[in-house]
Amino acid sequence: MGVDEFNSKVLEIAGSPENIIKLVSDSADTLSYSGNGLVYRPPGMVEIIGYDEVYVIGDLHGDYNTLIDFLSRERILEKLVESNIKVVFLGDYVDRGPQQVETLISLLLLKKQYPDKIVLLRGNHEPPPLLTPIPHDFIDVLEERYGGEGLMVYRRCYKLFQRLPYMARIPGKILFLHGGPPVDILKSKSFEEAFSIGLLSVDDDILEDILWSDPIDEPSIEYAPSGRGAGHLYGPKITEKTLELSGTKYIVRGHEPVQGHLMNHRGRVITLFSSRIPVYGISRAGYMRITDDRCLMDIEKCIYRIE
Ligand SMILES: [Mn+2]
């Protein structure tokens, strides 16, 4: 399938609320898929074990054009058929942008078709109960477009959001999440404990930090309250402890609007931002392509830009 055909399929589904609901229900179970180099660990962690290449995309916020640019520029639709690539999306698919419905449909279509190759992580705009971001205009977009049925579509999407994994890892290499590690990690004895892995559900405070936190480059600060009103600002000590417990070298995350990418904590925390919608005033969408270990020696060389 080429990009044009993919786009037609997306627009066709977007044309009917029944089709969207069907896609949401068909793709829900694939979010916790294990197989072919992906291992899902409840309640929301994905291990990426075997792959030819790994691509990573930051926040899209309804920027369907940038998503399509990325798919065509990297020949992702072809590579998904030909090779064992993995594509990790770091969350924040909806709210703010002009084509939120098309963006979400695209990602669910890809996940449904390639459950072993697509990883859809949760952002703070795929919100848990009691932690709704501002704006959360996805619901208004749906109601405006589909009338009374819009609310039904929203409810189905909301349920799906609760099932999105909140973290992924390439063992020995990279930890992926939307915002940051939980600040209580300084007191944790194990990776599993710090991230609720193996439990029935993720602890609310842990999830809040994962979805909402931002790094701060101030060595003397362990962590501080965040101006966002949720999550924390986390200092280099928390990053070090996270890398140690998770057995990884880098944290790759989204959440902050930056010109493509930003490095914090001596290059150990990499922020990717991939939305070029006007509200952010950002002209470069950043993404990452990880090929082999050589690329990880200087991780900035794995970062590319769409301008
Ligand atoms: Mn965010």
# chains A, B, ... in the order shown; residues from 1 in each chain; ligands from 1

$ residues_near_ligand --ligand "ligand 1" --cutoff "8 Å" --atoms "only C-alpha atoms and all ligand atoms" --output "MDAnalysis selection string"
chainID A and resid 59 91:92 123:125 178:179 211:212 254:256

$ write_last_selection --atoms "C-alpha atoms" --output "compact mmCIF listing (two decimals), in the first residue's frame"
# COMPACT_ATOMS: atom_id res chain seq x y z
CA ASP A 59 3.95 14.39 19.75
CA GLY A 91 1.85 9.79 22.60
CA ASP A 92 -0.21 13.00 22.28
CA GLY A 123 0.59 10.74 26.25
CA ASN A 124 -1.10 13.07 28.72
CA HIS A 125 -3.60 13.92 25.98
CA HIS A 178 5.95 10.49 27.11
CA GLY A 179 7.08 12.75 29.96
CA LEU A 211 2.70 11.31 31.28
CA TRP A 212 3.36 14.83 32.59
CA GLY A 254 8.13 13.78 23.88
CA HIS A 255 5.78 16.20 25.64
CA GLU A 256 7.72 19.46 25.30

$ select_by_dssp --residues "region 60-214 of chain A" --states "alpha helix (DSSP H)" --output "VMD selection string"
chain A and resid 64 to 73 76 to 82 100 to 113 138 to 146 148 to 161 191 to 194 204 to 212

$ closest_atom_pairs --of "region 74-162 of chain A" --to "region 6-18 of chain A" --cutoff "8 Å" --atoms "only C-alpha atoms" --output "tab-separated table"
residue	atom	partner	partner_atom	distance
A:Val101	CA	A:Ala14	CA	6.7
A:Glu102	CA	A:Val10	CA	6.2
A:Ile105	CA	A:Val10	CA	6.3
A:Ser106	CA	A:Val10	CA	6.1
A:Tyr146	CA	A:Pro17	CA	6.7
A:Glu149	CA	A:Pro17	CA	6.7
A:Gly150	CA	A:Pro17	CA	7.2
A:Val153	CA	A:Pro17	CA	6.5

$ write_last_selection --atoms "C-alpha atoms" --output "compact mmCIF listing (two decimals), in the first residue's frame"
# COMPACT_ATOMS: atom_id res chain seq x y z
CA VAL A 101 -9.37 12.25 13.75
CA GLU A 102 -7.23 11.37 10.71
CA ILE A 105 -7.25 6.65 12.64
CA SER A 106 -3.87 6.34 10.86
CA TYR A 146 -20.37 13.68 13.87
CA GLU A 149 -22.60 10.19 17.47
CA GLY A 150 -19.41 12.14 18.22
CA VAL A 153 -16.88 7.86 19.27

$ residues_around --residues "Arg122 (chain A)" --least-positions-apart "5" --cutoff "12 Å" --atoms "only C-alpha atoms" --output "number ranges by chain"
A: 31, 44-46, 58-59, 88-94, 127-128, 158, 160-168, 176-179, 207-208, 210-212, 253-255

$ residues_around --residues "region 222-233 of chain A" --least-positions-apart "4" --cutoff "7 Å" --atoms "only C-alpha atoms" --output "ChimeraX atom specification"
/A:183,208-209,212-216,237-238

$ closest_residue --among "A:Ile48, A:Ile206, A:Met297, A:Ile57" --to "Ser188 (chain A)" --atoms "only C-alpha atoms"
A:Ile206

$ residues_around --residues "Asn264 (chain A)" --least-positions-apart "6" --cutoff "10 Å" --atoms "only C-alpha atoms" --output "number ranges by chain"
A: 214-218, 235-236, 239, 251, 270-271

$ atom_distance --atom1 "CA of Gly2 (chain A)" --atom2 "CA of Glu74 (chain A)"
12.1 Å

$ closest_residue --among "A:Tyr304, A:Glu244, A:Gln99, A:Leu109" --to "Leu142 (chain A)" --atoms "only C-alpha atoms"
A:Gln99

$ residues_around --residues "Asp29 (chain A)" --least-positions-apart "4" --cutoff "12 Å" --atoms "only C-alpha atoms" --output "list of chain:residue names"
A:Leu23, A:Val24, A:Ser25, A:Tyr33, A:Ser34, A:Tyr40, A:Leu108, A:Lys111, A:Lys112, A:Pro115, A:Lys159, A:Leu160, A:Arg163, A:Leu164, A:Pro165
